[in-house]
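**Student:** So here's protein-v2.tsv (TSV, C-alpha atoms and all ligand atoms).
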chain	number	residue	atom	x	y	z
A	242	MET	CA	46.48	-10.59	-105.63
A	243	ASN	CA	44.80	-9.75	-102.37
A	244	ALA	CA	47.54	-9.29	-99.78
A	245	GLY	CA	45.19	-10.63	-97.13
A	246	SER	CA	45.17	-14.12	-98.63
A	247	ASP	CA	48.98	-14.12	-98.65
A	248	ASP	CA	49.99	-12.96	-95.23
A	249	GLY	CA	47.09	-14.23	-93.19
A	250	SER	CA	45.70	-10.81	-92.35
A	251	ALA	CA	42.30	-11.82	-93.73
A	252	ARG	CA	42.16	-14.40	-90.94
A	253	ARG	CA	43.43	-11.98	-88.33
A	254	PHE	CA	40.16	-11.68	-86.41
A	255	ASP	CA	38.94	-15.24	-86.96
A	256	ARG	CA	38.98	-16.38	-83.31
A	257	GLN	CA	37.45	-13.14	-82.14
A	258	GLN	CA	34.62	-13.38	-84.69
A	259	ARG	CA	33.87	-16.95	-83.67
A	260	PHE	CA	33.01	-15.68	-80.21
A	261	VAL	CA	29.22	-15.50	-79.98
A	262	GLY	CA	29.22	-11.95	-78.61
A	263	ILE	CA	31.10	-10.58	-81.63
A	264	GLY	CA	30.48	-12.38	-84.95
A	265	HIS	CA	31.05	-10.78	-88.34
A	266	ASP	CA	28.64	-7.95	-87.61
A	267	GLY	CA	30.29	-7.16	-84.29
A	268	GLN	CA	33.73	-7.11	-85.92
A	269	ALA	CA	32.41	-4.76	-88.59
A	270	ARG	CA	31.08	-2.44	-85.87
A	271	LEU	CA	34.44	-2.56	-84.07
A	272	SER	CA	36.29	-1.69	-87.25
A	273	ALA	CA	34.00	1.31	-87.80
A	274	ALA	CA	34.36	2.57	-84.21
A	275	GLN	CA	36.37	5.53	-82.98
A	276	VAL	CA	37.68	5.59	-79.41
A	277	LEU	CA	39.45	8.30	-77.43
A	278	VAL	CA	41.84	7.01	-74.75
A	279	VAL	CA	42.95	9.74	-72.38
A	280	GLY	CA	46.34	8.93	-70.88
A	281	CYS	CA	48.65	6.23	-72.18
A	282	GLY	CA	50.61	5.23	-69.08
A	283	ALA	CA	49.53	2.22	-67.01
A	284	LEU	CA	45.78	2.10	-67.67
A	285	GLY	CA	45.81	3.91	-71.01
A	286	GLY	CA	48.72	1.93	-72.44
A	287	SER	CA	47.09	-1.39	-71.65
A	288	LEU	CA	43.75	-0.16	-73.04
A	289	ALA	CA	45.35	1.12	-76.23
A	290	GLN	CA	47.16	-2.16	-76.78
A	291	GLN	CA	43.91	-4.11	-76.42
A	292	LEU	CA	41.98	-1.75	-78.71
A	293	VAL	CA	44.58	-2.04	-81.47
A	294	ARG	CA	44.72	-5.82	-81.14
A	295	ILE	CA	40.94	-6.19	-81.34
A	296	GLY	CA	40.83	-3.93	-84.41
A	297	VAL	CA	38.92	-0.76	-83.56
A	298	GLY	CA	38.78	1.58	-86.56
A	299	ARG	CA	40.37	4.70	-85.13
A	300	LEU	CA	42.15	5.32	-81.86
A	301	VAL	CA	42.92	8.80	-80.57
A	302	LEU	CA	45.53	8.71	-77.79
A	303	VAL	CA	46.58	11.65	-75.71
A	304	ASP	CA	49.12	12.01	-72.89
A	305	ARG	CA	51.01	14.97	-71.46
A	306	ASP	CA	53.94	13.19	-69.83
A	307	VAL	CA	57.29	11.64	-70.79
A	308	VAL	CA	58.48	8.06	-70.17
A	309	GLU	CA	60.65	7.43	-67.11
A	310	TRP	CA	62.27	4.35	-65.64
A	311	THR	CA	59.71	3.89	-62.85
A	312	ASN	CA	57.02	3.41	-65.54
A	313	LEU	CA	58.50	0.20	-66.93
A	314	PRO	CA	57.13	-2.34	-64.41
A	315	ARG	CA	53.50	-1.55	-65.35
A	316	GLN	CA	53.28	0.61	-68.49
A	317	VAL	CA	53.19	-2.03	-71.18
A	318	LEU	CA	53.92	0.07	-74.28
A	319	PHE	CA	57.28	1.45	-73.13
A	320	THR	CA	60.82	0.15	-73.41
A	321	GLU	CA	64.17	1.02	-71.84
A	322	ALA	CA	64.98	2.96	-75.00
A	323	HIS	CA	61.89	5.15	-74.42
A	324	ALA	CA	62.81	5.71	-70.76
A	325	GLY	CA	66.44	6.47	-71.57
A	326	ALA	CA	65.37	9.05	-74.13
A	327	GLY	CA	62.63	10.51	-71.93
A	328	ALA	CA	60.33	10.16	-74.95
A	329	PRO	CA	56.87	11.76	-74.88
A	330	LYS	CA	54.52	8.94	-73.87
A	331	ALA	CA	52.03	9.50	-76.68
A	332	LEU	CA	54.73	9.20	-79.34
A	333	ALA	CA	56.42	6.20	-77.69
A	334	ALA	CA	53.02	4.50	-77.41
A	335	ALA	CA	52.25	5.14	-81.07
A	336	GLU	CA	55.57	3.56	-82.03
A	337	SER	CA	54.87	0.38	-80.03
A	338	LEU	CA	51.28	0.18	-81.29
A	339	ALA	CA	52.40	0.56	-84.90
A	340	ALA	CA	54.59	-2.52	-84.46
A	341	ILE	CA	51.47	-4.57	-83.61
A	342	GLY	CA	50.04	-3.59	-86.98
A	343	GLY	CA	46.45	-4.20	-88.02
A	344	PRO	CA	43.78	-1.92	-89.43
A	345	THR	CA	43.56	0.65	-86.62
A	346	ARG	CA	44.34	4.26	-87.54
A	347	ILE	CA	46.23	5.76	-84.60
A	348	ASP	CA	46.27	9.47	-83.85
A	349	ALA	CA	48.65	10.13	-80.92
A	350	ARG	CA	48.91	13.57	-79.34
A	351	SER	CA	51.36	14.83	-76.75
A	352	ALA	CA	49.11	17.31	-74.98
A	353	HIS	CA	47.40	18.23	-71.73
A	354	VAL	CA	43.65	17.58	-71.96
A	355	ASP	CA	41.48	20.47	-70.85
A	356	GLY	CA	38.14	22.10	-71.55
A	357	ASP	CA	39.68	23.95	-74.49
A	358	ASN	CA	40.91	20.98	-76.55
A	359	LEU	CA	38.55	18.17	-75.52
A	360	ASP	CA	35.96	19.10	-78.17
A	361	GLU	CA	38.54	18.55	-80.87
A	362	LEU	CA	40.10	15.40	-79.34
A	363	ALA	CA	36.75	13.70	-78.72
A	364	ARG	CA	35.04	14.77	-81.94
A	365	GLY	CA	33.44	11.71	-83.55
A	366	ALA	CA	34.28	9.38	-80.64
A	367	ASP	CA	31.84	6.53	-80.04
A	368	LEU	CA	33.39	5.92	-76.64
A	369	VAL	CA	35.87	7.60	-74.30
A	370	LEU	CA	38.14	5.55	-72.03
A	371	ASP	CA	39.74	6.86	-68.88
A	372	GLY	CA	43.41	5.92	-68.83
A	373	THR	CA	44.48	8.81	-66.61
A	374	ASP	CA	45.92	8.96	-63.12
A	375	ASN	CA	44.18	12.06	-61.84
A	376	LEU	CA	40.74	13.15	-60.72
A	377	ALA	CA	40.76	16.58	-62.37
A	378	THR	CA	40.83	14.96	-65.82
A	379	ARG	CA	38.21	12.36	-64.85
A	380	TYR	CA	35.70	15.02	-63.76
A	381	LEU	CA	36.44	16.89	-66.96
A	382	LEU	CA	35.72	13.74	-69.02
A	383	ASN	CA	32.53	13.14	-67.02
A	384	ASP	CA	31.31	16.68	-67.75
A	385	TRP	CA	32.14	16.49	-71.45
A	386	CYS	CA	30.66	13.02	-72.00
A	387	VAL	CA	27.44	13.72	-70.08
A	388	LYS	CA	27.03	17.04	-71.91
A	389	HIS	CA	27.51	15.44	-75.34
A	390	SER	CA	25.83	12.08	-74.54
A	391	VAL	CA	28.95	10.05	-75.31
A	392	PRO	CA	29.51	6.95	-73.14
A	393	TRP	CA	32.75	6.73	-71.18
A	394	ILE	CA	34.34	4.21	-68.83
A	395	TYR	CA	35.97	5.44	-65.65
A	396	ALA	CA	38.76	3.43	-64.04
A	397	GLY	CA	41.10	3.96	-61.14
A	398	VAL	CA	43.83	1.77	-59.70
A	399	VAL	CA	46.00	2.05	-56.59
A	400	GLY	CA	48.03	-0.68	-54.92
A	401	ALA	CA	46.53	-4.00	-56.05
A	402	SER	CA	42.91	-2.89	-56.39
A	403	GLY	CA	40.79	-0.77	-58.66
A	404	LEU	CA	37.36	0.46	-59.69
A	405	VAL	CA	35.59	0.48	-63.04
A	406	LEU	CA	32.39	2.36	-63.85
A	407	PRO	CA	30.79	2.59	-67.28
A	408	VAL	CA	28.92	5.89	-67.58
A	409	LEU	CA	26.10	5.72	-70.13
A	410	PRO	CA	24.57	9.18	-70.30
A	411	GLY	CA	20.82	9.08	-69.67
A	412	ARG	CA	21.10	5.65	-68.05
A	413	GLY	CA	22.44	4.93	-64.59
A	414	ALA	CA	24.93	6.96	-62.62
A	415	CYS	CA	27.63	9.33	-63.74
A	416	LEU	CA	30.88	9.81	-61.83
A	417	ALA	CA	29.46	12.83	-59.98
A	418	CYS	CA	26.37	10.82	-58.87
A	419	LEU	CA	28.69	8.53	-56.90
A	420	PHE	CA	31.33	11.07	-55.89
A	421	PRO	CA	29.79	14.57	-56.14
A	422	GLU	CA	33.03	16.38	-55.37
A	423	PRO	CA	36.59	15.27	-55.97
A	424	PRO	CA	37.90	14.46	-52.47
A	425	PRO	CA	40.82	16.60	-51.25
A	426	ALA	CA	43.99	15.20	-52.76
A	427	GLU	CA	45.63	14.69	-49.36
A	428	HIS	CA	42.83	12.25	-48.35
A	429	LEU	CA	43.46	9.90	-51.22
A	430	PRO	CA	45.95	7.10	-51.43
A	431	THR	CA	47.87	7.63	-54.64
A	432	CYS	CA	50.32	5.66	-56.72
A	433	ASP	CA	52.92	7.80	-54.96
A	434	THR	CA	51.99	6.74	-51.42
A	435	ALA	CA	50.46	3.29	-51.92
A	436	GLY	CA	52.31	2.12	-55.03
A	437	VAL	CA	50.65	0.17	-57.83
A	438	VAL	CA	51.29	-3.26	-59.34
A	439	LEU	CA	50.87	-4.49	-62.91
A	440	PRO	CA	48.33	-7.29	-62.25
A	441	ALA	CA	45.95	-4.69	-60.78
A	442	VAL	CA	46.38	-2.52	-63.86
A	443	GLN	CA	45.68	-5.51	-66.11
A	444	ALA	CA	42.66	-6.63	-64.06
A	445	VAL	CA	41.11	-3.18	-64.26
A	446	THR	CA	41.83	-2.65	-67.95
A	447	ALA	CA	40.60	-6.16	-68.80
A	448	LEU	CA	37.20	-5.19	-67.37
A	449	GLN	CA	37.32	-1.78	-69.01
A	450	ALA	CA	38.32	-3.16	-72.42
A	451	GLY	CA	35.80	-5.99	-72.13
A	452	LEU	CA	32.99	-3.49	-71.53
A	453	ALA	CA	34.31	-1.30	-74.33
A	454	MET	CA	34.48	-4.19	-76.78
A	455	ARG	CA	30.97	-5.36	-75.89
A	456	TRP	CA	29.52	-1.84	-76.21
A	457	LEU	CA	31.20	-1.16	-79.56
A	458	ALA	CA	30.42	-4.57	-81.07
A	459	SER	CA	26.77	-4.62	-79.94
A	460	ASP	CA	23.71	-3.62	-81.91
A	461	ASP	CA	21.03	-1.41	-80.35
A	462	ALA	CA	19.33	-4.33	-78.61
A	463	GLY	CA	22.65	-5.47	-77.15
A	464	ARG	CA	23.38	-1.98	-75.91
A	465	ALA	CA	19.92	-1.68	-74.34
A	466	ALA	CA	20.72	-4.77	-72.26
A	467	PHE	CA	23.85	-3.14	-70.88
A	468	GLU	CA	23.71	-2.70	-67.10
A	469	PRO	CA	26.03	-0.09	-65.67
A	470	TRP	CA	27.59	-1.54	-62.53
A	471	LEU	CA	30.41	-0.19	-60.44
A	472	VAL	CA	32.95	-3.02	-60.25
A	473	GLU	CA	35.65	-3.35	-57.60
A	474	VAL	CA	38.51	-5.72	-58.30
A	475	ASP	CA	41.49	-6.83	-56.22
A	476	ALA	CA	44.27	-8.62	-58.07
A	477	TRP	CA	46.14	-9.60	-54.89
A	478	ARG	CA	43.30	-11.35	-53.09
A	479	ALA	CA	41.62	-12.44	-56.37
A	480	GLU	CA	38.33	-10.77	-55.44
A	481	GLN	CA	35.74	-8.96	-57.49
A	482	ARG	CA	32.51	-7.28	-56.45
A	483	ARG	CA	29.69	-5.51	-58.31
A	484	VAL	CA	27.73	-2.64	-56.80
A	485	ARG	CA	24.65	-1.20	-58.47
A	486	ALA	CA	25.45	2.39	-59.39
A	487	THR	CA	22.29	4.41	-58.84
A	488	ARG	CA	21.69	7.85	-60.20
A	489	ASP	CA	21.58	10.76	-57.75
A	490	PRO	CA	18.28	12.61	-58.47
A	491	GLU	CA	20.03	15.83	-57.42
A	492	CYS	CA	23.25	15.24	-59.39
A	493	ARG	CA	24.81	18.53	-60.38
A	494	THR	CA	26.23	17.08	-63.58
A	495	CYS	CA	23.80	14.61	-65.16
A	496	VAL	CA	20.55	16.01	-63.68
A	497	ARG	CA	21.16	19.75	-63.26
A	498	ARG	CA	23.57	19.77	-66.19
A	499	GLU	CA	26.12	22.16	-64.68
A	500	PHE	CA	29.49	21.48	-66.27
A	501	ARG	CA	31.87	23.36	-64.00
A	502	HIS	CA	34.92	21.27	-64.84
A	503	LEU	CA	34.67	22.11	-68.54
A	504	GLU	CA	34.75	25.80	-67.73
A	505	LEU	CA	37.95	25.64	-65.69
A	506	GLY	CA	39.88	25.39	-68.98
A	507	GLY	CA	43.19	27.18	-68.99
A	508	GLU	CA	42.97	28.43	-65.39
A	509	ARG	CA	44.87	25.44	-64.10
A	510	ALA	CA	48.06	26.61	-65.72
A	511	ALA	CA	50.34	24.82	-63.24
A	512	VAL	CA	49.69	21.16	-62.39
A	513	VAL	CA	51.76	18.99	-60.06
A	514	LEU	CA	52.10	15.51	-61.62
A	515	CYS	CA	51.33	12.62	-59.27
A	516	GLY	CA	54.47	11.11	-57.77
A	517	ARG	CA	56.80	12.64	-60.32
A	518	ASN	CA	58.44	15.54	-58.49
A	519	THR	CA	57.38	17.37	-61.64
A	520	VAL	CA	55.19	20.37	-62.40
A	521	GLN	CA	53.54	20.97	-65.75
A	522	ILE	CA	53.34	24.61	-66.84
A	523	ARG	CA	51.22	25.80	-69.72
A	524	PRO	CA	51.53	29.17	-71.39
A	525	ALA	CA	48.79	31.73	-70.89
A	526	ARG	CA	47.92	31.26	-74.54
A	527	ARG	CA	48.53	28.00	-76.39
A	528	ALA	CA	51.29	28.58	-78.93
A	529	GLU	CA	50.70	27.70	-82.55
A	530	ARG	CA	54.30	26.66	-82.88
A	531	LEU	CA	56.81	27.55	-80.22
A	532	ASP	CA	60.09	29.04	-81.42
A	533	PHE	CA	62.42	26.35	-80.03
A	534	GLU	CA	65.48	28.06	-81.47
A	535	ARG	CA	64.77	31.28	-79.58
A	536	VAL	CA	64.39	29.39	-76.29
A	537	LEU	CA	67.48	27.25	-76.83
A	538	ALA	CA	69.52	30.29	-77.80
A	539	ASN	CA	68.31	31.95	-74.61
A	540	VAL	CA	69.19	29.07	-72.40
A	541	GLY	CA	72.30	27.98	-74.30
A	542	ASN	CA	75.09	29.17	-72.04
A	543	SER	CA	73.32	28.32	-68.81
A	544	ALA	CA	72.12	24.84	-69.70
A	545	LYS	CA	74.06	21.72	-68.76
A	546	ALA	CA	72.66	19.51	-71.51
A	547	LEU	CA	70.57	20.33	-74.49
A	548	GLU	CA	68.53	18.06	-76.70
A	549	ARG	CA	66.42	19.03	-79.66
A	550	ARG	CA	63.92	16.77	-81.41
A	551	ALA	CA	61.21	17.55	-83.94
A	552	SER	CA	58.41	17.64	-81.40
A	553	PHE	CA	60.17	18.58	-78.17
A	554	ALA	CA	63.31	20.05	-76.64
A	555	ARG	CA	64.98	19.30	-73.33
A	556	PHE	CA	67.56	21.03	-71.19
A	557	ASP	CA	68.90	21.02	-67.63
A	558	VAL	CA	69.01	24.40	-65.99
A	559	GLU	CA	69.27	25.61	-62.37
A	560	GLY	CA	69.19	21.97	-61.26
A	561	PHE	CA	65.84	21.33	-63.00
A	562	ARG	CA	65.19	19.25	-66.11
A	563	VAL	CA	62.89	21.02	-68.53
A	564	THR	CA	61.02	19.23	-71.33
A	565	LEU	CA	59.42	21.70	-73.69
A	566	PHE	CA	56.74	20.84	-76.26
A	567	ALA	CA	55.84	22.61	-79.48
A	568	ASP	CA	52.61	24.08	-78.04
A	569	GLY	CA	54.57	25.89	-75.32
A	570	ARG	CA	53.75	23.38	-72.61
A	571	ALA	CA	56.67	22.38	-70.35
A	572	LEU	CA	57.41	19.76	-67.73
A	573	ILE	CA	59.72	21.03	-64.98
A	574	GLU	CA	61.29	18.06	-63.16
A	575	GLY	CA	62.95	18.41	-59.79
A	576	THR	CA	60.24	20.22	-57.84
A	577	ASP	CA	56.64	19.81	-56.74
A	578	ASP	CA	56.32	23.52	-55.98
A	579	PRO	CA	54.22	25.21	-58.71
A	580	GLY	CA	55.66	28.63	-57.80
A	581	ARG	CA	59.27	27.55	-58.34
A	582	ALA	CA	58.36	25.79	-61.57
A	583	ARG	CA	56.51	28.86	-62.81
A	584	ALA	CA	59.57	31.00	-62.05
A	585	VAL	CA	61.83	28.66	-64.04
A	586	TYR	CA	59.35	28.72	-66.93
A	587	ASP	CA	59.04	32.52	-66.95
A	588	ARG	CA	62.80	33.00	-66.75
A	589	TRP	CA	63.84	30.63	-69.53
A	590	ILE	CA	60.85	30.17	-71.77
A	591	GLY	CA	58.52	33.09	-71.21
A	592	THR	CA	55.42	33.33	-73.36
B	601	ZN	ZN	25.24	12.22	-62.25
Kindly present the structure from the file in structure tokens form.
**Tutor:**
Amino acid sequence: MNAGSDDGSARRFDRQQRFVGIGHDGQARLSAAQVLVVGCGALGGSLAQQLVRIGVGRLVLVDRDVVEWTNLPRQVLFTEAHAGAGAPKALAAAESLAAIGGPTRIDARSAHVDGDNLDELARGADLVLDGTDNLATRYLLNDWCVKHSVPWIYAGVVGASGLVLPVLPGRGACLACLFPEPPPAEHLPTCDTAGVVLPAVQAVTALQAGLAMRWLASDDAGRAAFEPWLVEVDAWRAEQRRVRATRDPECRTCVRREFRHLELGGERAAVVLCGRNTVQIRPARRAERLDFERVLANVGNSAKALERRASFARFDVEGFRVTLFADGRALIEGTDDPGRARAVYDRWIGT
């Protein structure tokens, strides 16, 4: 007997298919689509949840961070159990998404996205969605997607407002057309200084997921009718505004095709994470499989607490909390000074 007729799963997408913009053909396109979501915190978690619920075929999720208590008011895939355990976000997200069920194949990776691994992460993607919280990764995504002619949807949110921009290579503006250079970090309000609230996250990701769903479910004619606007939304004042995003005829990225951000690759070995009092350190060379036992034996007598899981290890040493992943990447909590974090890494982990 067909399980679908028993448990109702055959009817799962009925209401969605009745919508005139989707139909049976649109649902079939959604179920054949592959999407890369970069980041699975506030924006990325909400996006991933929507993509699984609407039934995209394959979802690749990547995030470098671990769950903490301050995430819970706006990061919809995480629970107190995840925060208490300091679980890697990608793995915690995959667990919550699996509970939703449905046909989506989910590939969750706990990793830092850079020019070296983006080819592999984005291979076969029909669409890339920005669920990050930092400009360095957004410019990297813009470079990669323009270079490979893959559409992507930028989003940013701070306080109660946000921006959404679909970038369709060859049509309309790319991120660098609108903002040629990332502004200096100290000039930007961040989640750290201005806070962020859940309704703003949901307003932004509703627009982002709506555009994603329409793009993926549309045939060629539907896609040709797509107009790339920059949308501003404010969830506190209930305001929304569209601005035509025009292409810069001198754009370094989409006109001159210089992809500087892709070439930075492994140079940015130490990254301060926004608002986390945490620095991420990556080894000079990505490890195939880090020898956890060697590191834990090293640190054993000096560490306050030790925890060992299949995919990561954690210990407290010198007043810092270190979370170490199998590829040699580490998060050093308790400082925003890359030099101090690097010293802790070199002393206890080495390469
Ligand atoms: Zn451009």
**Student:** Pick out the residues no farther than 12 Å from ligand ZN 601 (chain B), counting only C-alpha atoms and all ligand atoms, and list them as a PyMOL selection string.
**Tutor:** chain A and resi 380+383-384+386-388+408-422+486-500
**Student:** Which one of A:Leu300, A:Ala444, A:Ala401, A:Ala352 sits closest to Arg478 in chain A if you count only C-alpha atoms?
**Tutor:** A:Ala401
**Student:** What is the CA of Leu439 in chain A-CA of Asp367 in chain A distance in Å, reported with one decimal?
**Tutor:** 27.9 Å
**Student:** Anything within 10 Å of (55.3, 28.8, -61.0): list those residues as a PyMOL selection string, counting only C-alpha atoms and sticking to the file's coordinates.
**Tutor:** chain A and resi 510-512+520-522+573+578-587
**Student:** Could you take the residues named above and write them with C-alpha atoms, as a short mmCIF file (atom, residue, chain, number, x, y, z; two decimals), in the frame of the given file?
**Tutor:**
data_model
loop_
_atom_site.label_atom_id
_atom_site.label_comp_id
_atom_site.auth_asym_id
_atom_site.auth_seq_id
_atom_site.Cartn_x
_atom_site.Cartn_y
_atom_site.Cartn_z
CA ALA A 510 48.06 26.61 -65.72
CA ALA A 511 50.34 24.82 -63.24
CA VAL A 512 49.69 21.16 -62.39
CA VAL A 520 55.19 20.37 -62.40
CA GLN A 521 53.54 20.97 -65.75
CA ILE A 522 53.34 24.61 -66.84
CA ILE A 573 59.72 21.03 -64.98
CA ASP A 578 56.32 23.52 -55.98
CA PRO A 579 54.22 25.21 -58.71
CA GLY A 580 55.66 28.63 -57.80
CA ARG A 581 59.27 27.55 -58.34
CA ALA A 582 58.36 25.79 -61.57
CA ARG A 583 56.51 28.86 -62.81
CA ALA A 584 59.57 31.00 -62.05
CA VAL A 585 61.83 28.66 -64.04
CA TYR A 586 59.35 28.72 -66.93
CA ASP A 587 59.04 32.52 -66.95
#
**Student:** For each of A:Leu505, A:Ala466, A:Ala335, A:Val307, take the minimum atom-to-atom distance to Arg517 in chain A, counting all atoms listed in the file, then give the residue where this is smallest.
**Tutor:**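 Of A:Leu505, A:Ala466, A:Ala335, A:Val307, the one nearest Arg517 in chain A, counting all atoms listed in the file, is A:Val307.
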**Student:** Which residue is closest to Gly591 in chain A? Choose from A:Ala322, A:Leu313, A:Val261, A:Val536 and count only C-alpha atoms.
**Tutor:**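 Closest to Gly591 in chain A of all the choices is A:Val536.
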**Student:** From the list A:Arg315, A:Val308, A:Gly356, A:Leu514, which residue is nearest Ala333 in chain A when using all atoms listed in the file?
**Tutor:** A:Val308
**Student:** Could you pull the residues within 10 Å of Ile590 in chain A, counting only C-alpha atoms, minus those fewer than 3 positions along the same chain, as a PyMOL selection string?
**Tutor:** chain A and resi 524+531-533+535-537+539-540+563+565+569-571+584-587
